[in-house]
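K.L.:
Got input.cif for you, mmCIF, C-alpha atoms:
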data_query
#
loop_
_atom_site.label_atom_id
_atom_site.label_comp_id
_atom_site.auth_asym_id
_atom_site.auth_seq_id
_atom_site.Cartn_x
_atom_site.Cartn_y
_atom_site.Cartn_z
CA MET P 230 12.83 23.96 28.09
CA HIS P 231 10.13 24.00 25.42
CA VAL P 232 6.60 22.98 26.51
CA PHE P 233 4.05 22.46 23.78
CA PHE P 234 0.42 23.20 24.69
CA GLU P 235 -2.43 21.23 23.16
CA THR P 236 -6.18 21.91 23.60
CA LEU P 237 -8.38 18.89 23.05
CA GLN P 238 -11.89 19.59 21.73
CA ALA P 239 -14.70 17.40 23.13
CA GLN P 240 -16.91 15.84 20.49
CA PRO P 241 -20.56 14.89 21.24
CA THR P 242 -21.34 11.22 21.11
CA GLN P 243 -24.05 9.77 18.91
CA GLY P 244 -26.17 9.09 22.05
CA ASP P 245 -25.97 12.73 23.14
CA SER P 246 -27.16 14.06 19.78
CA MET P 247 -30.29 11.79 19.74
CA LYS P 248 -31.45 12.31 23.36
CA PRO P 249 -34.54 14.58 23.78
CA THR P 250 -33.97 17.36 26.33
CA THR P 251 -35.97 19.78 28.39
CA GLU P 252 -34.97 23.39 28.99
CA GLN P 253 -33.36 22.32 32.28
CA ASP P 254 -31.66 19.50 30.51
CA GLN P 255 -30.38 21.89 27.90
CA THR P 256 -28.82 24.03 30.62
CA THR P 257 -27.21 20.99 32.16
CA VAL P 258 -25.97 19.77 28.80
CA SER P 259 -24.66 23.21 27.98
CA SER P 260 -22.78 23.40 31.28
CA THR P 261 -21.39 19.92 30.78
CA ALA P 262 -20.34 20.73 27.23
CA GLU P 263 -18.44 23.75 28.51
CA ALA P 264 -16.84 21.84 31.36
CA LYS P 265 -15.84 18.88 29.19
CA PRO P 266 -13.40 20.66 26.91
CA GLN P 267 -11.96 22.58 29.89
CA SER P 268 -11.34 19.29 31.71
CA LEU P 269 -9.80 17.66 28.64
CA ALA P 270 -7.77 20.76 27.87
CA ARG P 271 -6.40 20.66 31.40
CA ARG P 272 -5.51 17.00 30.94
CA GLY P 273 -3.84 17.84 27.63
CA PHE P 274 -1.92 20.67 29.27
CA LEU P 275 -0.77 18.44 32.11
CA ALA P 276 0.20 15.66 29.70
CA SER P 277 2.10 18.08 27.47
CA ALA P 278 3.78 19.73 30.43
CA ALA P 279 4.79 16.35 31.80
CA ALA P 280 6.13 15.34 28.40
CA GLY P 281 8.09 18.59 28.20
CA VAL P 282 9.58 18.10 31.65
CA ALA P 283 10.45 14.50 30.76
CA ALA P 284 12.14 15.63 27.55
CA ALA P 285 14.06 18.32 29.40
CA THR P 286 15.07 15.82 32.06
CA ALA P 287 16.23 13.38 29.36
CA THR P 288 18.22 16.16 27.69
CA ALA P 289 19.81 17.12 31.01
CA ALA P 290 20.59 13.47 31.73
CA SER P 291 22.09 13.09 28.27
CA ALA P 292 24.23 16.18 28.81
CA ALA P 293 25.30 14.85 32.20
CA ASN P 294 26.28 11.53 30.65
CA ASP P 295 28.27 13.34 27.94
CA LYS P 296 30.68 14.96 30.38
CA PHE P 297 33.43 15.01 27.75
CA GLN P 298 31.04 16.67 25.24
CA GLN P 299 31.74 14.20 22.46
CA GLY P 300 28.26 14.95 21.13
CA ARG P 301 28.76 18.73 20.99
CA ASP P 302 27.93 20.95 18.02
CA TRP P 303 31.09 20.47 15.95
CA THR P 304 30.28 23.38 13.63
CA GLY P 305 31.78 25.67 16.25
CA ASN P 306 28.65 27.83 16.43
CA HIS P 307 28.10 26.98 20.09
CA PRO P 308 30.90 27.77 22.55
CA VAL P 309 32.55 25.21 24.79
CA THR P 310 33.66 26.28 28.26
CA TYR P 311 37.34 26.17 29.22
CA PRO P 312 39.24 24.11 30.13
CA GLU P 313 38.47 21.75 27.25
CA PRO P 314 36.08 19.16 28.78
CA ALA P 315 37.25 16.43 26.41
CA PHE P 316 40.79 16.50 27.82
CA GLU P 317 40.90 14.23 30.86
CA VAL P 318 44.09 14.55 32.92
CA LEU P 319 44.83 11.37 34.88
CA ASP P 320 48.30 12.08 36.29
CA LYS P 321 49.49 15.35 37.84
CA ARG P 322 52.80 15.02 36.00
CA PHE P 323 51.00 15.78 32.74
CA THR P 324 51.29 19.43 31.73
CA GLY P 325 50.29 19.07 28.09
CA ARG P 326 46.76 20.42 28.36
CA GLN P 327 46.49 24.02 27.18
CA GLY P 328 43.83 25.48 29.45
CA ASN P 329 42.43 28.02 27.00
CA ALA P 330 42.38 25.90 23.83
CA THR P 331 39.43 23.96 22.46
CA LEU P 332 39.15 20.78 20.42
CA GLN P 333 38.04 21.65 16.89
CA ARG P 334 36.82 19.64 13.96
CA ILE P 335 38.58 21.56 11.20
CA TRP P 336 37.28 19.43 8.32
CA HIS P 337 34.49 17.02 7.57
CA GLY P 338 33.75 16.46 3.91
CA GLN P 339 30.20 16.49 2.59
CA GLY P 340 28.58 14.48 -0.18
CA HIS P 341 30.95 13.48 -2.95
CA ASP P 342 33.87 15.12 -1.12
CA ALA P 343 33.37 13.09 2.07
CA ALA P 344 36.27 10.95 3.27
CA LEU P 345 35.88 7.25 3.99
CA TRP P 346 38.94 6.57 6.16
CA CYS P 347 41.47 9.27 7.07
CA GLU P 348 45.03 8.16 7.84
CA GLY P 349 48.70 9.09 7.59
CA PRO P 350 48.83 12.82 8.51
CA VAL P 351 52.06 14.73 8.00
CA TRP P 352 52.78 18.40 8.65
CA MET P 353 54.50 20.25 5.79
CA GLY P 354 55.73 23.28 7.72
CA ASP P 355 57.38 25.00 4.78
CA TRP P 356 54.12 24.76 2.86
CA GLY P 357 51.87 25.68 5.80
CA ASN P 358 49.86 22.56 4.97
CA LEU P 359 48.65 19.35 6.55
CA LEU P 360 48.55 16.32 4.25
CA TRP P 361 46.65 13.12 4.97
CA SER P 362 45.40 10.02 3.19
CA ASP P 363 41.82 9.09 2.40
CA ILE P 364 42.83 5.52 1.64
CA PRO P 365 39.65 3.97 0.14
CA ASN P 366 39.20 6.99 -2.13
CA ASN P 367 42.80 6.57 -3.35
CA ARG P 368 43.76 10.18 -2.69
CA VAL P 369 45.80 12.48 -0.47
CA LEU P 370 44.13 15.65 0.80
CA ARG P 371 45.68 18.98 1.79
CA TRP P 372 44.51 21.48 4.43
CA ASN P 373 45.80 25.05 4.20
CA GLU P 374 46.61 26.62 7.56
CA GLU P 375 46.15 30.18 6.26
CA ASN P 376 42.56 29.89 5.11
CA GLY P 377 41.35 26.41 6.11
CA ALA P 378 40.79 25.39 2.49
CA VAL P 379 40.93 21.67 1.69
CA SER P 380 41.91 20.38 -1.74
CA THR P 381 43.15 17.20 -3.38
CA PHE P 382 46.93 17.04 -3.24
CA GLN P 383 47.29 13.71 -5.02
CA SER P 384 44.91 11.47 -6.95
CA ASP P 385 45.81 7.87 -7.77
CA SER P 386 47.98 7.82 -4.66
CA GLY P 387 48.57 4.08 -4.75
CA TYR P 388 46.14 3.87 -1.83
CA SER P 389 48.89 5.39 0.30
CA ASN P 390 48.57 5.16 4.06
CA GLY P 391 51.28 6.68 6.26
CA HIS P 392 53.47 9.66 5.45
CA SER P 393 56.68 11.03 6.87
CA ARG P 394 59.53 13.36 5.83
CA ASP P 395 63.19 12.60 5.38
CA ILE P 396 65.91 14.80 6.86
CA GLN P 397 65.91 16.87 3.67
CA GLY P 398 62.21 17.56 4.17
CA ARG P 399 61.03 15.45 1.25
CA LEU P 400 57.69 13.66 1.53
CA ILE P 401 57.80 9.89 2.11
CA ALA P 402 54.70 7.83 1.26
CA MET P 403 53.73 4.26 2.22
CA GLU P 404 51.64 2.88 -0.64
CA HIS P 405 49.27 -0.01 -0.05
CA ASP P 406 48.13 -0.94 -3.53
CA THR P 407 51.53 -0.65 -5.23
CA ARG P 408 53.27 -2.21 -2.20
CA ARG P 409 56.12 0.26 -2.09
CA VAL P 410 57.79 3.16 -0.29
CA ARG P 411 58.24 6.30 -2.39
CA ARG P 412 59.86 9.72 -2.00
CA ARG P 413 58.58 12.90 -3.57
CA ASN P 414 61.47 14.94 -4.92
CA TYR P 415 61.72 18.72 -4.87
CA ASP P 416 60.66 18.94 -8.51
CA GLY P 417 57.48 16.93 -7.88
CA THR P 418 58.72 13.67 -9.39
CA TRP P 419 58.66 10.45 -7.39
CA THR P 420 61.42 7.95 -6.61
CA THR P 421 60.75 4.40 -5.41
CA LEU P 422 62.88 3.67 -2.34
CA CYS P 423 61.75 0.10 -1.71
CA ASP P 424 59.17 -2.29 -3.20
CA SER P 425 60.73 -5.67 -2.45
CA PHE P 426 63.11 -7.53 -0.18
CA GLY P 427 65.13 -10.59 -1.09
CA GLY P 428 63.45 -10.75 -4.49
CA LYS P 429 59.92 -10.82 -2.98
CA LYS P 430 57.30 -8.08 -2.96
CA LEU P 431 56.66 -6.11 0.18
CA ASN P 432 53.27 -6.75 1.78
CA ALA P 433 51.84 -3.22 2.01
CA PRO P 434 53.96 -0.57 3.80
CA ASN P 435 52.06 1.29 6.49
CA ASP P 436 53.99 3.92 8.46
CA ALA P 437 57.49 5.38 8.62
CA ALA P 438 59.84 7.38 10.84
CA THR P 439 63.22 8.93 10.09
CA THR P 440 66.40 9.29 12.14
CA PRO P 441 69.12 11.97 12.12
CA ASP P 442 71.53 9.84 10.08
CA GLY P 443 69.04 9.82 7.21
CA SER P 444 67.66 6.32 7.77
CA ILE P 445 63.98 5.59 7.16
CA TYR P 446 62.31 2.88 9.25
CA PHE P 447 58.99 1.56 8.00
CA THR P 448 56.42 -1.06 8.98
CA ASP P 449 54.92 -3.65 6.65
CA PRO P 450 51.80 -5.31 8.17
CA GLY P 451 50.06 -6.00 4.86
CA TYR P 452 46.62 -4.40 5.27
CA GLY P 453 46.68 -3.20 1.67
CA ILE P 454 46.60 -6.74 0.25
CA MET P 455 43.86 -8.16 2.47
CA GLY P 456 41.02 -6.93 0.26
CA PRO P 457 39.98 -4.32 -2.32
CA TYR P 458 38.91 -1.54 0.06
CA GLU P 459 42.44 -0.28 0.79
CA GLY P 460 44.30 -1.86 -2.11
CA HIS P 461 43.76 -5.31 -3.60
CA LYS P 462 43.68 -8.94 -2.58
CA ALA P 463 47.06 -10.66 -2.90
CA GLU P 464 49.22 -13.29 -1.26
CA PHE P 465 51.75 -12.41 1.41
CA GLU P 466 55.27 -13.08 0.17
CA LEU P 467 57.15 -11.88 3.25
CA PRO P 468 56.69 -11.94 7.03
CA THR P 469 55.29 -8.82 8.69
CA ARG P 470 58.35 -6.78 9.68
CA VAL P 471 59.99 -3.46 10.39
CA TYR P 472 62.59 -2.48 7.77
CA ARG P 473 65.34 0.12 7.63
CA ILE P 474 66.35 1.99 4.49
CA ALA P 475 69.89 3.25 5.00
CA PRO P 476 71.07 6.60 3.58
CA ASP P 477 72.80 4.68 0.78
CA GLY P 478 69.54 2.92 -0.12
CA LYS P 479 70.38 -0.50 1.34
CA VAL P 480 67.36 -2.20 2.94
CA THR P 481 67.69 -4.46 6.01
CA VAL P 482 65.30 -6.06 8.50
CA ALA P 483 65.17 -3.92 11.64
CA ALA P 484 62.73 -6.16 13.53
CA GLU P 485 60.79 -9.34 12.89
CA GLY P 486 58.49 -9.90 15.85
CA PRO P 487 57.29 -9.87 18.48
CA MET P 488 54.62 -7.81 16.69
CA ARG P 489 51.99 -9.72 14.77
CA ARG P 490 51.10 -6.69 12.64
CA PRO P 491 53.62 -3.86 13.09
CA ASN P 492 51.80 -0.62 12.37
CA GLY P 493 52.53 2.88 13.71
CA ILE P 494 56.14 3.79 14.47
CA CYS P 495 58.02 6.67 16.09
CA PHE P 496 61.24 7.43 17.95
CA SER P 497 61.88 9.05 21.30
CA PRO P 498 63.41 12.56 21.18
CA ASP P 499 66.90 11.19 21.87
CA PHE P 500 66.37 8.38 19.31
CA LYS P 501 67.36 5.78 21.92
CA LYS P 502 63.89 4.21 21.92
CA CYS P 503 61.64 3.10 19.07
CA TYR P 504 57.93 2.58 19.61
CA VAL P 505 56.12 0.14 17.29
CA VAL P 506 52.37 -0.44 17.42
CA ASP P 507 51.04 -3.99 17.12
CA THR P 508 47.52 -4.08 15.70
CA GLY P 509 47.33 -7.87 15.74
CA ALA P 510 43.91 -7.48 17.36
CA THR P 511 42.48 -6.82 13.90
CA ASP P 512 42.94 -10.55 13.27
CA GLY P 513 40.50 -11.42 16.05
CA PRO P 514 40.16 -11.74 19.83
CA GLY P 515 43.17 -12.86 21.79
CA ASN P 516 45.66 -11.16 19.50
CA PRO P 517 47.87 -8.27 20.69
CA ALA P 518 46.73 -4.66 20.92
CA ASN P 519 49.80 -2.99 22.34
CA ILE P 520 52.90 -0.90 21.75
CA ILE P 521 56.31 -2.55 21.77
CA VAL P 522 59.29 -0.41 22.77
CA PHE P 523 62.75 -1.25 21.45
CA ASP P 524 66.20 -0.08 22.44
CA VAL P 525 68.04 1.56 19.56
CA LYS P 526 71.78 1.07 19.23
CA ASP P 527 73.89 1.29 16.10
CA GLN P 528 70.71 1.61 13.99
CA LYS P 529 69.45 -1.76 15.31
CA LEU P 530 66.26 -2.43 17.29
CA SER P 531 66.67 -4.79 20.25
CA ASN P 532 65.32 -5.79 23.67
CA PRO P 533 61.59 -5.50 22.83
CA LYS P 534 59.18 -4.94 25.72
CA ILE P 535 55.47 -4.20 26.03
CA PHE P 536 55.17 -0.46 26.61
CA ALA P 537 51.37 -0.18 26.97
CA ASP P 538 48.28 -2.27 26.25
CA PHE P 539 45.21 -0.85 24.49
CA ALA P 540 42.61 -3.59 24.84
CA PRO P 541 39.62 -3.62 24.45
CA GLY P 542 40.40 -1.32 21.51
CA PHE P 543 43.77 -0.74 19.88
CA THR P 544 46.04 2.09 18.86
CA ASP P 545 47.37 2.78 15.38
CA GLY P 546 49.44 5.94 14.94
CA VAL P 547 51.87 7.30 17.56
CA ARG P 548 54.07 10.37 17.97
CA CYS P 549 56.41 11.63 20.71
CA ASP P 550 56.60 15.13 22.10
CA THR P 551 59.86 16.79 23.11
CA ASP P 552 59.42 15.58 26.72
CA GLY P 553 59.31 11.98 25.54
CA ASN P 554 55.60 11.46 26.17
CA VAL P 555 53.94 9.15 23.64
CA TRP P 556 50.69 10.38 22.05
CA CYS P 557 48.61 7.50 20.70
CA GLY P 558 45.41 7.37 18.66
CA TRP P 559 42.82 5.00 20.15
CA GLY P 560 39.51 3.39 19.29
CA TRP P 561 37.62 0.28 18.22
CA GLY P 562 36.67 -0.63 21.79
CA GLY P 563 33.44 1.36 22.02
CA MET P 564 32.73 5.08 22.27
CA GLU P 565 34.66 5.32 25.53
CA THR P 566 37.90 4.39 23.73
CA ASN P 567 37.64 6.98 20.95
CA GLY P 568 40.40 9.54 21.23
CA VAL P 569 44.06 10.07 22.06
CA ARG P 570 45.95 8.55 24.96
CA VAL P 571 49.14 10.15 26.29
CA HIS P 572 51.70 7.94 28.02
CA HIS P 573 54.74 8.88 30.09
CA PRO P 574 58.07 7.37 28.92
CA ASP P 575 57.70 4.87 31.77
CA GLY P 576 54.40 3.67 30.25
CA THR P 577 52.02 5.33 32.73
CA LEU P 578 48.79 6.69 31.24
CA LEU P 579 48.89 10.45 31.81
CA ALA P 580 45.85 11.78 29.99
CA PHE P 581 43.06 10.93 27.58
CA LEU P 582 41.53 13.23 24.98
CA HIS P 583 37.99 12.04 24.19
CA THR P 584 36.72 12.41 20.61
CA PRO P 585 33.49 11.41 18.84
CA GLU P 586 35.30 9.29 16.24
CA VAL P 587 38.04 6.66 16.26
CA ILE P 588 41.44 8.37 16.01
CA ALA P 589 43.58 6.32 13.66
CA ASN P 590 46.60 8.56 13.42
CA LEU P 591 47.98 11.90 14.54
CA THR P 592 50.84 14.34 14.13
CA PHE P 593 52.10 17.59 15.61
CA GLY P 594 52.15 20.67 13.43
CA GLY P 595 51.67 24.41 13.21
CA THR P 596 54.39 27.05 13.32
CA LYS P 597 55.53 25.96 16.78
CA ARG P 598 54.67 22.24 16.41
CA ASN P 599 52.25 22.67 19.33
CA ARG P 600 49.04 21.87 17.47
CA LEU P 601 47.90 18.26 17.51
CA PHE P 602 46.23 17.14 14.27
CA MET P 603 44.15 13.96 14.42
CA CYS P 604 42.68 11.77 11.70
CA GLY P 605 39.27 10.89 13.10
CA SER P 606 37.90 8.31 10.69
CA THR P 607 35.97 10.70 8.40
CA SER P 608 37.09 14.02 9.93
CA ILE P 609 40.18 16.00 10.88
CA TYR P 610 40.42 17.33 14.44
CA ALA P 611 42.91 19.81 15.86
CA LEU P 612 43.86 21.04 19.31
CA TYR P 613 46.57 23.39 20.56
CA VAL P 614 48.47 21.71 23.38
CA ASN P 615 51.13 22.72 25.88
CA ALA P 616 53.62 20.37 24.24
CA GLN P 617 55.66 20.24 21.05
CA GLY P 618 56.20 17.40 18.64
CA HIS P 619 59.84 16.49 18.13
CA ALA P 620 59.57 15.01 14.60
CA LEU P 621 60.62 16.93 11.53
CA SER P 622 57.94 19.33 10.27
#
What's the structure tokens form of this structure?
P.N.:
Amino acid sequence: MHVFFETLQAQPTQGDSMKPTTEQDQTTVSSTAEAKPQSLARRGFLASAAAGVAAATATAASAANDKFQQGRDWTGNHPVTYPEPAFEVLDKRFTGRQGNATLQRIWHGQGHDAALWCEGPVWMGDWGNLLWSDIPNNRVLRWNEENGAVSTFQSDSGYSNGHSRDIQGRLIAMEHDTRRVRRRNYDGTWTTLCDSFGGKKLNAPNDAATTPDGSIYFTDPGYGIMGPYEGHKAEFELPTRVYRIAPDGKVTVAAEGPMRRPNGICFSPDFKKCYVVDTGATDGPGNPANIIVFDVKDQKLSNPKIFADFAPGFTDGVRCDTDGNVWCGWGWGGMETNGVRVHHPDGTLLAFLHTPEVIANLTFGGTKRNRLFMCGSTSIYALYVNAQGHALS
């Protein structure tokens, strides 16, 4: 606690300076003049002390209210006690919290390098890199695991959003502005996998997931053609859907509905379930903010059911761990919804990782796929967990 001391000096009034005095009066005045500043100084001390105590009390109250330490010093210069206070375990079945690991903000750009909206992370294990989109800045950034350096991987990215990898390890990009799905080949060239269906342009592909047979499933909610910030304004030519690109390149509709705006997508470890996020809530109150789970059979999605609801906020990106738990970014419902929710395969909420920013998307990475990387609006967060992602990395 810091208490600031202040001594107030008494100033004679105009009446005091003009009053004639005797010797006795002078003594009295002198005594009063000495007592006056002491009295005022005492008042100043008490006022300052009270203010200091009040400030300390407010700080303590603020700290008490921030039990998940979302307002911590994210530079890492001040330690955080274990276990990680931001990781709230809600069900004893959850074993994914690593007791001696801390939530880190591994990147936050400054000035001209600052990100506007981070999305679409993908772990490139053979490169030792994390890639992610900064959609409004029309670029893809790269974080190097070895030294923490961040650089621009791709400029003029087509305002790409989500990324994935095919079973050959090639990068797959969902481009908003160009309204297409592209693959980066081993030699660095790009191949367009899909930009239309039935002779009509795609809306704006968003996220993708691959299956062992080489299929690529992707969502097409259309956010990239709703305005200039993440693409450009254009008319919708197709319904919002989930599509499948077969190994031979043929494109079919995997699901049309019940999602209003199909967004994030991932498969269970056995590939018998497909989870699709519905961010219909972005269209206004009363619209869905949930995850729909499908049965997968013969490459087809069927029997859709609500897996979990995320109102008052909504989720965006999702990934499964090898136990089948579903890790979901969350936000847009106030500070208390910022973070990552973890759901059991039966839909039960197991845990919640609190973060200071909205988490749009996430992925598992690192050598053992046990490090959770999160796109937190303008920052990248990372946390080692006692779980492993099952997707290709």
K.L.:
Starting from the PyMOL selection byres ((chain P and resi 507) around 9), expand the selection into actual residues of this file and give them as a list in words.
P.N.:
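Answer for the PyMOL selection byres ((chain P and resi 507) around 9): Pro487, Met488, Arg489, Arg490, Pro491, Asn492, Gly493, Val505, Val506, Thr508, Gly509, Ala510, Pro517, Ala518, Asn519, Ile520, Ile521, Phe543, Thr544 and Asp545 of chain P.
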K.L.:
If the PyMOL selection byres ((chain P and resi 600) around 10) were run on this exact file, what residues would it hold? Put them as a list in words.
P.N.:
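Here the PyMOL selection byres ((chain P and resi 600) around 10) matches Thr592, Phe593, Gly594, Gly595, Thr596, Lys597, Arg598, Asn599, Leu601, Phe602, Met603, Ala611, Leu612, Tyr613, Val614, Asn615, Ala616, Gln617 and Gly618 of chain P.
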K.L.:
With all atoms listed in the file counted, which protein, DNA or RNA residues have an atom no more than 12 Å from (65.6, 5.3, 9.8) in the file frame? Please answer as JSON, numbers by chain.
P.N.:
{"P": [393, 394, 395, 396, 401, 436, 437, 438, 439, 440, 441, 442, 443, 444, 445, 446, 447, 448, 471, 472, 473, 474, 475, 476, 477, 478, 479, 480, 481, 482, 483, 494, 495, 496, 500, 503, 525, 527, 528, 529, 530]}
K.L.:
Taking C-alpha atoms for each residue, export the selection above as a CSV table (one decimal), in the coordinates of the input.
P.N.:
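Below is the file again-v9.csv, written as the result:
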chain,number,residue,atom,x,y,z
P,393,SER,CA,56.7,11.0,6.9
P,394,ARG,CA,59.5,13.4,5.8
P,395,ASP,CA,63.2,12.6,5.4
P,396,ILE,CA,65.9,14.8,6.9
P,401,ILE,CA,57.8,9.9,2.1
P,436,ASP,CA,54.0,3.9,8.5
P,437,ALA,CA,57.5,5.4,8.6
P,438,ALA,CA,59.8,7.4,10.8
P,439,THR,CA,63.2,8.9,10.1
P,440,THR,CA,66.4,9.3,12.1
P,441,PRO,CA,69.1,12.0,12.1
P,442,ASP,CA,71.5,9.8,10.1
P,443,GLY,CA,69.0,9.8,7.2
P,444,SER,CA,67.7,6.3,7.8
P,445,ILE,CA,64.0,5.6,7.2
P,446,TYR,CA,62.3,2.9,9.2
P,447,PHE,CA,59.0,1.6,8.0
P,448,THR,CA,56.4,-1.1,9.0
P,471,VAL,CA,60.0,-3.5,10.4
P,472,TYR,CA,62.6,-2.5,7.8
P,473,ARG,CA,65.3,0.1,7.6
P,474,ILE,CA,66.4,2.0,4.5
P,475,ALA,CA,69.9,3.2,5.0
P,476,PRO,CA,71.1,6.6,3.6
P,477,ASP,CA,72.8,4.7,0.8
P,478,GLY,CA,69.5,2.9,-0.1
P,479,LYS,CA,70.4,-0.5,1.3
P,480,VAL,CA,67.4,-2.2,2.9
P,481,THR,CA,67.7,-4.5,6.0
P,482,VAL,CA,65.3,-6.1,8.5
P,483,ALA,CA,65.2,-3.9,11.6
P,494,ILE,CA,56.1,3.8,14.5
P,495,CYS,CA,58.0,6.7,16.1
P,496,PHE,CA,61.2,7.4,18.0
P,500,PHE,CA,66.4,8.4,19.3
P,503,CYS,CA,61.6,3.1,19.1
P,525,VAL,CA,68.0,1.6,19.6
P,527,ASP,CA,73.9,1.3,16.1
P,528,GLN,CA,70.7,1.6,14.0
P,529,LYS,CA,69.4,-1.8,15.3
P,530,LEU,CA,66.3,-2.4,17.3
K.L.:
Taking the file as shown, find all residues satisfying the PyMOL selection byres ((chain P and resi 571) around 9) and write them as a ChimeraX atom specification.
P.N.:
/P:323,554-558,569-570,572-573,577-582
K.L.:
I'd like the contact shell of region 350-352 of chain P - 6 Å cut-off, all atoms listed in the file, skipping same-chain residues fewer than 3 positions apart - returned as a ChimeraX atom specification.
P.N.:
/P:359-361,392,594,622
K.L.:
I'd like the interatomic distance between CA of Thr331 (chain P) and CA of Leu319 (chain P), to a tenth of an Å.
P.N.:
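It comes out at 18.5 Å.
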K.L.:
Between CA of Pro541 (chain P) and CA of Ala589 (chain P), what is the distance in Å, rounded to a tenth?
P.N.:
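These two atoms are separated by 15.2 Å.
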K.L.:
Kindly provide, as lines of an AutoDock Vina configuration file, the centre and edge lengths (Å, one decimal) of an axis-aligned box around all atoms of region 527-533 of chain P given in the file, with 8 Å on each side.
P.N.:
center_x = 67.7
center_y = -2.1
center_z = 18.8
size_x = 28.3
size_y = 23.4
size_z = 25.7
